[in-house]
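First comes the structure, then the notes that go with it.
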Amino acid sequence: MRDLREWDEEYLLNLPIGEFDWLEVKSRRALDLTLPNVHESDLRENLSKAISAFANSGGGVIVFGLSNPRNNWQVDDGGIDIAMKRPSTRERLEDIIPTLVDLPLSSFNVYVVQSKSNTSQIAAGRGVFIVEISDSSQAPHQATDNKILCTYRRKISSYWPSVGSRHFWTTSTS
(Lines give C-alpha, C1' and ligand atoms only; values in the text may rest on other atoms or scores of the structure.)
Protein backbone atom coordinates (compact mmCIF):
# COMPACT_ATOMS: atom_id res chain seq x y z
CA MET A 1 0.00 0.00 0.00
CA ARG A 2 1.24 3.45 -0.92
CA ASP A 3 1.88 6.05 1.80
CA LEU A 4 -1.41 7.91 2.32
CA ARG A 5 0.25 11.27 1.64
CA GLU A 6 0.86 10.00 -1.90
CA TRP A 7 -2.72 8.87 -2.58
CA ASP A 8 -4.27 10.67 -5.53
CA GLU A 9 -7.54 10.34 -7.42
CA GLU A 10 -6.25 7.54 -9.67
CA TYR A 11 -5.03 5.54 -6.68
CA LEU A 12 -8.35 6.02 -4.84
CA LEU A 13 -10.38 4.89 -7.84
CA ASN A 14 -8.25 1.75 -8.05
CA LEU A 15 -8.50 0.72 -4.40
CA PRO A 16 -9.52 -2.91 -4.05
CA ILE A 17 -13.26 -3.48 -4.19
CA GLY A 18 -14.59 -5.43 -1.25
CA GLU A 19 -14.66 -5.36 2.50
CA PHE A 20 -11.45 -5.30 4.47
CA ASP A 21 -10.52 -4.89 8.11
CA TRP A 22 -8.10 -2.05 7.19
CA LEU A 23 -10.33 -0.03 4.86
CA GLU A 24 -13.79 1.49 4.98
CA VAL A 25 -15.19 3.53 2.11
CA LYS A 26 -18.10 5.92 2.65
CA SER A 27 -20.18 8.01 0.28
CA ARG A 28 -20.44 11.78 0.23
CA ARG A 29 -23.58 11.57 2.38
CA ALA A 30 -21.57 10.15 5.30
CA LEU A 31 -19.65 13.40 5.77
CA ASP A 32 -20.99 16.31 3.72
CA LEU A 33 -23.14 18.45 6.01
CA THR A 34 -24.13 20.68 3.07
CA LEU A 35 -26.50 17.92 1.88
CA PRO A 36 -30.14 17.87 3.02
CA ASN A 37 -30.92 15.44 5.85
CA VAL A 38 -27.26 14.98 6.77
CA HIS A 39 -26.87 15.85 10.46
CA GLU A 40 -23.78 16.43 12.54
CA SER A 41 -25.10 14.12 15.29
CA ASP A 42 -25.27 11.19 12.83
CA LEU A 43 -21.80 12.02 11.51
CA ARG A 44 -20.38 12.08 15.04
CA GLU A 45 -22.08 8.81 16.03
CA ASN A 46 -20.89 6.88 12.99
CA LEU A 47 -17.40 8.36 13.05
CA SER A 48 -17.11 7.63 16.78
CA LYS A 49 -17.80 3.93 16.23
CA ALA A 50 -15.40 3.71 13.28
CA ILE A 51 -12.59 5.46 15.17
CA SER A 52 -13.05 3.25 18.22
CA ALA A 53 -13.07 0.12 16.06
CA PHE A 54 -9.97 1.00 14.05
CA ALA A 55 -7.97 2.31 17.03
CA ASN A 56 -8.73 -0.90 18.96
CA SER A 57 -8.14 -3.28 16.05
CA GLY A 58 -4.80 -2.48 14.46
CA GLY A 59 -5.64 0.79 12.73
CA GLY A 60 -7.16 1.53 9.35
CA VAL A 61 -8.32 4.02 6.77
CA ILE A 62 -11.72 5.63 6.20
CA VAL A 63 -12.27 7.20 2.77
CA PHE A 64 -15.16 9.66 2.45
CA GLY A 65 -16.54 10.67 -0.94
CA LEU A 66 -16.52 7.54 -3.08
CA SER A 67 -19.62 5.73 -4.30
CA ASN A 68 -20.38 2.04 -4.21
CA PRO A 69 -18.61 0.37 -7.07
CA ARG A 70 -19.82 -1.80 -9.87
CA ASN A 71 -16.43 -2.46 -11.43
CA ASN A 72 -14.42 0.48 -10.06
CA TRP A 73 -14.82 3.11 -7.37
CA GLN A 74 -16.30 6.43 -8.50
CA VAL A 75 -16.14 9.86 -6.89
CA ASP A 76 -19.60 10.38 -5.40
CA ASP A 77 -21.32 13.43 -6.91
CA GLY A 78 -18.09 15.38 -7.37
CA GLY A 79 -16.83 14.78 -3.81
CA ILE A 80 -17.28 16.58 -0.49
CA ASP A 81 -17.28 20.35 0.01
CA ILE A 82 -13.82 21.26 1.31
CA ALA A 83 -15.15 24.22 3.30
CA MET A 84 -18.47 22.97 4.68
CA LYS A 85 -17.36 24.05 8.14
CA ARG A 86 -15.00 26.97 8.58
CA PRO A 87 -12.06 27.19 8.38
CA SER A 88 -12.11 23.93 6.37
CA THR A 89 -13.61 20.46 6.46
CA ARG A 90 -10.18 18.97 7.07
CA GLU A 91 -9.50 21.20 10.08
CA ARG A 92 -13.00 20.51 11.41
CA LEU A 93 -12.31 16.76 11.27
CA GLU A 94 -8.95 17.27 12.96
CA ASP A 95 -10.72 19.15 15.76
CA ILE A 96 -13.57 16.67 16.38
CA ILE A 97 -11.88 13.28 15.86
CA PRO A 98 -9.95 13.26 19.18
CA THR A 99 -13.17 14.05 21.07
CA LEU A 100 -15.18 11.18 19.60
CA VAL A 101 -13.60 8.50 21.79
CA ASP A 102 -12.99 8.27 25.51
CA LEU A 103 -9.29 8.27 25.98
CA PRO A 104 -8.89 10.91 23.28
CA LEU A 105 -7.21 9.71 20.13
CA SER A 106 -3.73 11.13 19.66
CA SER A 107 -2.49 9.38 16.52
CA PHE A 108 -4.47 10.03 13.36
CA ASN A 109 -4.18 11.98 10.11
CA VAL A 110 -6.66 13.63 7.77
CA TYR A 111 -5.83 14.06 4.10
CA VAL A 112 -7.83 15.55 1.24
CA VAL A 113 -7.44 14.62 -2.41
CA GLN A 114 -8.52 17.38 -4.79
CA SER A 115 -8.79 17.66 -8.55
CA LYS A 116 -5.52 17.94 -10.44
CA SER A 117 -6.87 17.84 -14.00
CA ASN A 118 -9.81 18.94 -16.09
CA THR A 119 -10.84 15.28 -16.54
CA SER A 120 -11.11 14.71 -12.78
CA GLN A 121 -14.27 13.30 -11.22
CA ILE A 122 -13.62 15.62 -8.27
CA ALA A 123 -15.39 18.97 -8.71
CA ALA A 124 -13.79 22.34 -7.99
CA GLY A 125 -14.08 23.20 -4.30
CA ARG A 126 -14.60 19.56 -3.35
CA GLY A 127 -12.43 16.64 -2.38
CA VAL A 128 -12.24 13.05 -1.22
CA PHE A 129 -11.27 12.87 2.46
CA ILE A 130 -9.03 10.19 3.94
CA VAL A 131 -8.89 9.60 7.69
CA GLU A 132 -6.02 7.42 8.86
CA ILE A 133 -6.44 5.92 12.32
CA SER A 134 -3.34 4.34 13.83
CA ASP A 135 -3.37 1.29 16.04
CA SER A 136 -3.44 2.77 19.50
CA SER A 137 -1.10 1.85 22.31
CA GLN A 138 -3.62 3.51 24.65
CA ALA A 139 -6.50 1.19 23.74
CA PRO A 140 -9.24 0.58 24.54
CA HIS A 141 -10.90 3.68 23.15
CA GLN A 142 -14.61 3.88 23.86
CA ALA A 143 -16.97 5.42 21.33
CA THR A 144 -18.83 8.44 22.68
CA ASP A 145 -21.72 8.07 20.28
CA ASN A 146 -24.42 9.74 22.39
CA LYS A 147 -25.56 6.44 23.83
CA ILE A 148 -23.42 4.48 26.22
CA LEU A 149 -19.66 4.31 26.25
CA CYS A 150 -18.77 1.18 24.31
CA THR A 151 -15.52 -0.13 22.90
CA TYR A 152 -15.77 -1.31 19.30
CA ARG A 153 -13.51 -3.60 17.33
CA ARG A 154 -13.28 -3.89 13.56
CA LYS A 155 -14.19 -7.24 12.04
CA ILE A 156 -14.04 -7.31 8.22
CA SER A 157 -16.61 -4.62 7.36
CA SER A 158 -18.46 -4.16 10.63
CA TYR A 159 -17.99 -2.78 14.11
CA TRP A 160 -18.56 -5.14 16.98
CA PRO A 161 -18.94 -4.08 20.59
CA SER A 162 -16.24 -5.78 22.61
CA VAL A 163 -17.34 -8.12 25.36
CA GLY A 164 -16.63 -6.48 28.70
CA SER A 165 -15.75 -3.34 26.84
CA ARG A 166 -16.32 -0.88 29.63
CA HIS A 167 -13.17 0.05 31.47
CA PHE A 168 -13.03 1.42 34.96
CA TRP A 169 -10.41 3.43 36.77
CA THR A 170 -9.45 2.23 40.20
CA THR A 171 -7.43 3.92 42.85
CA SER A 172 -5.12 2.25 45.27
CA THR A 173 -5.60 2.96 48.97
CA SER A 174 -2.23 1.57 50.04
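Labels used: A, B, ... for chains in the order of the C-alpha coordinates, numbers from 1 for residues in each chain, and numbers from 1 for ligands as shown.
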
Within 8 Å of Asn72 of chain A using only C-alpha atoms, minus same-chain residues under 5 positions, as a PyMOL selection string | chain A and resi 13-14+17

Rank A:Ser107, A:Ser117, A:Asn37, A:Ser67 by their smallest atom-to-atom distance to Val131 of chain A, using only C-alpha atoms, and report the top residue only.
->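 Among the listed residues, the smallest separation from Val131 of chain A belongs to A:Ser107.
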
List every residue of chain A that DSSP, applied to the backbone, labels as alpha helix (DSSP H), and write the result as a list in words.
->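 Going through chain A, the alpha helix (DSSP H) residues come out as Glu9, Glu10, Tyr11, Leu12, Leu13, Glu40, Ser41, Asp42, Leu43, Arg44, Glu45, Asn46, Leu47, Ser48, Lys49, Ala50, Ile51, Ser52, Ala53, Phe54, Ala55, Thr89, Arg90, Glu91, Arg92, Leu93, Glu94, Asp95 and Ile96 of chain A.
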
What does the file look like for those residues with N, CA, C and O atoms, as an mmCIF file, in the first residue's frame?
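Result file is result_12.cif:
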```cif
data_model
loop_
_atom_site.group_PDB
_atom_site.id
_atom_site.type_symbol
_atom_site.label_atom_id
_atom_site.label_comp_id
_atom_site.auth_asym_id
_atom_site.auth_seq_id
_atom_site.Cartn_x
_atom_site.Cartn_y
_atom_site.Cartn_z
ATOM 1 N N GLU A 9 -6.248 10.800 -6.920
ATOM 2 C CA GLU A 9 -7.537 10.336 -7.419
ATOM 3 C C GLU A 9 -7.422 8.974 -8.116
ATOM 4 O O GLU A 9 -8.239 8.084 -7.880
ATOM 5 N N GLU A 10 -6.415 8.815 -8.948
ATOM 6 C CA GLU A 10 -6.253 7.543 -9.666
ATOM 7 C C GLU A 10 -6.072 6.381 -8.690
ATOM 8 O O GLU A 10 -6.661 5.315 -8.845
ATOM 9 N N TYR A 11 -5.258 6.597 -7.671
ATOM 10 C CA TYR A 11 -5.027 5.544 -6.681
ATOM 11 C C TYR A 11 -6.323 5.211 -5.937
ATOM 12 O O TYR A 11 -6.652 4.040 -5.740
ATOM 13 N N LEU A 12 -7.077 6.239 -5.538
ATOM 14 C CA LEU A 12 -8.351 6.021 -4.843
ATOM 15 C C LEU A 12 -9.321 5.206 -5.690
ATOM 16 O O LEU A 12 -9.981 4.289 -5.192
ATOM 17 N N LEU A 13 -9.430 5.562 -6.959
ATOM 18 C CA LEU A 13 -10.385 4.886 -7.837
ATOM 19 C C LEU A 13 -9.979 3.449 -8.124
ATOM 20 O O LEU A 13 -10.800 2.655 -8.591
ATOM 21 N N GLU A 40 -25.040 16.568 11.817
ATOM 22 C CA GLU A 40 -23.776 16.428 12.535
ATOM 23 C C GLU A 40 -23.855 15.332 13.592
ATOM 24 O O GLU A 40 -22.879 14.606 13.798
ATOM 25 N N SER A 41 -24.990 15.164 14.256
ATOM 26 C CA SER A 41 -25.099 14.123 15.286
ATOM 27 C C SER A 41 -24.912 12.725 14.685
ATOM 28 O O SER A 41 -24.261 11.873 15.290
ATOM 29 N N ASP A 42 -25.451 12.495 13.490
ATOM 30 C CA ASP A 42 -25.270 11.194 12.826
ATOM 31 C C ASP A 42 -23.813 11.004 12.411
ATOM 32 O O ASP A 42 -23.250 9.921 12.567
ATOM 33 N N LEU A 43 -23.212 12.065 11.888
ATOM 34 C CA LEU A 43 -21.803 12.020 11.507
ATOM 35 C C LEU A 43 -20.948 11.655 12.709
ATOM 36 O O LEU A 43 -20.102 10.759 12.645
ATOM 37 N N ARG A 44 -21.169 12.339 13.827
ATOM 38 C CA ARG A 44 -20.376 12.084 15.035
ATOM 39 C C ARG A 44 -20.574 10.651 15.543
ATOM 40 O O ARG A 44 -19.613 9.992 15.931
ATOM 41 N N GLU A 45 -21.809 10.167 15.546
ATOM 42 C CA GLU A 45 -22.082 8.814 16.029
ATOM 43 C C GLU A 45 -21.368 7.767 15.177
ATOM 44 O O GLU A 45 -20.684 6.881 15.700
ATOM 45 N N ASN A 46 -21.499 7.870 13.872
ATOM 46 C CA ASN A 46 -20.887 6.884 12.985
ATOM 47 C C ASN A 46 -19.361 6.970 12.998
ATOM 48 O O ASN A 46 -18.671 5.948 13.003
ATOM 49 N N LEU A 47 -18.843 8.177 13.015
ATOM 50 C CA LEU A 47 -17.396 8.360 13.051
ATOM 51 C C LEU A 47 -16.815 7.880 14.379
ATOM 52 O O LEU A 47 -15.738 7.276 14.420
ATOM 53 N N SER A 48 -17.539 8.086 15.467
ATOM 54 C CA SER A 48 -17.105 7.633 16.784
ATOM 55 C C SER A 48 -16.920 6.112 16.811
ATOM 56 O O SER A 48 -15.914 5.598 17.309
ATOM 57 N N LYS A 49 -17.894 5.393 16.273
ATOM 58 C CA LYS A 49 -17.797 3.926 16.235
ATOM 59 C C LYS A 49 -16.634 3.473 15.362
ATOM 60 O O LYS A 49 -15.893 2.560 15.733
ATOM 61 N N ALA A 50 -16.474 4.098 14.193
ATOM 62 C CA ALA A 50 -15.398 3.707 13.278
ATOM 63 C C ALA A 50 -14.032 3.966 13.904
ATOM 64 O O ALA A 50 -13.123 3.125 13.817
ATOM 65 N N ILE A 51 -13.873 5.118 14.546
ATOM 66 C CA ILE A 51 -12.594 5.461 15.172
ATOM 67 C C ILE A 51 -12.277 4.490 16.303
ATOM 68 O O ILE A 51 -11.160 3.993 16.406
ATOM 69 N N SER A 52 -13.259 4.208 17.142
ATOM 70 C CA SER A 52 -13.053 3.246 18.225
ATOM 71 C C SER A 52 -12.642 1.893 17.659
ATOM 72 O O SER A 52 -11.676 1.281 18.122
ATOM 73 N N ALA A 53 -13.348 1.440 16.637
ATOM 74 C CA ALA A 53 -13.071 0.125 16.057
ATOM 75 C C ALA A 53 -11.670 0.056 15.456
ATOM 76 O O ALA A 53 -10.926 -0.903 15.717
ATOM 77 N N PHE A 54 -11.291 1.031 14.663
ATOM 78 C CA PHE A 54 -9.967 0.995 14.047
ATOM 79 C C PHE A 54 -8.852 1.162 15.079
ATOM 80 O O PHE A 54 -7.839 0.462 15.022
ATOM 81 N N ALA A 55 -9.015 2.077 16.025
ATOM 82 C CA ALA A 55 -7.975 2.308 17.035
ATOM 83 C C ALA A 55 -7.760 1.073 17.904
ATOM 84 O O ALA A 55 -6.648 0.823 18.370
ATOM 85 N N THR A 89 -13.112 21.766 6.039
ATOM 86 C CA THR A 89 -13.615 20.461 6.456
ATOM 87 C C THR A 89 -12.494 19.645 7.093
ATOM 88 O O THR A 89 -12.701 18.976 8.109
ATOM 89 N N ARG A 90 -11.311 19.713 6.525
ATOM 90 C CA ARG A 90 -10.176 18.966 7.074
ATOM 91 C C ARG A 90 -9.872 19.410 8.504
ATOM 92 O O ARG A 90 -9.722 18.577 9.408
ATOM 93 N N GLU A 91 -9.788 20.706 8.734
ATOM 94 C CA GLU A 91 -9.502 21.202 10.080
ATOM 95 C C GLU A 91 -10.625 20.860 11.047
ATOM 96 O O GLU A 91 -10.374 20.555 12.217
ATOM 97 N N ARG A 92 -11.859 20.883 10.560
ATOM 98 C CA ARG A 92 -13.002 20.510 11.410
ATOM 99 C C ARG A 92 -12.862 19.055 11.848
ATOM 100 O O ARG A 92 -13.057 18.727 13.019
ATOM 101 N N LEU A 93 -12.518 18.167 10.916
ATOM 102 C CA LEU A 93 -12.312 16.762 11.269
ATOM 103 C C LEU A 93 -11.162 16.609 12.264
ATOM 104 O O LEU A 93 -11.269 15.844 13.225
ATOM 105 N N GLU A 94 -10.086 17.336 12.037
ATOM 106 C CA GLU A 94 -8.946 17.266 12.956
ATOM 107 C C GLU A 94 -9.320 17.735 14.359
ATOM 108 O O GLU A 94 -8.772 17.250 15.349
ATOM 109 N N ASP A 95 -10.269 18.656 14.450
ATOM 110 C CA ASP A 95 -10.724 19.146 15.759
ATOM 111 C C ASP A 95 -11.650 18.161 16.459
ATOM 112 O O ASP A 95 -11.580 17.992 17.675
ATOM 113 N N ILE A 96 -12.568 17.510 15.711
ATOM 114 C CA ILE A 96 -13.572 16.672 16.377
ATOM 115 C C ILE A 96 -13.123 15.225 16.594
ATOM 116 O O ILE A 96 -13.565 14.592 17.543
#
```

Enumerate the residues of chain A with a DSSP assignment of strand (DSSP E), computed from the backbone, and present them as a ChimeraX atom specification.
-> /A:23-26,59-64,66-67,74-75,80-81,101-102,108-113,126-134,142-143,150-155,158-161

Quote the spacing between atom CA of Gly78 of chain A and atom CA of Gln114 of chain A in Å to one decimal place.
->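 Value for the atom CA of Gly78 of chain A-atom CA of Gln114 of chain A distance: 10.1 Å.
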
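Between atom CA of Ser88 of chain A and atom CA of Met1 of chain A the interatomic distance comes to 27.6 Å.
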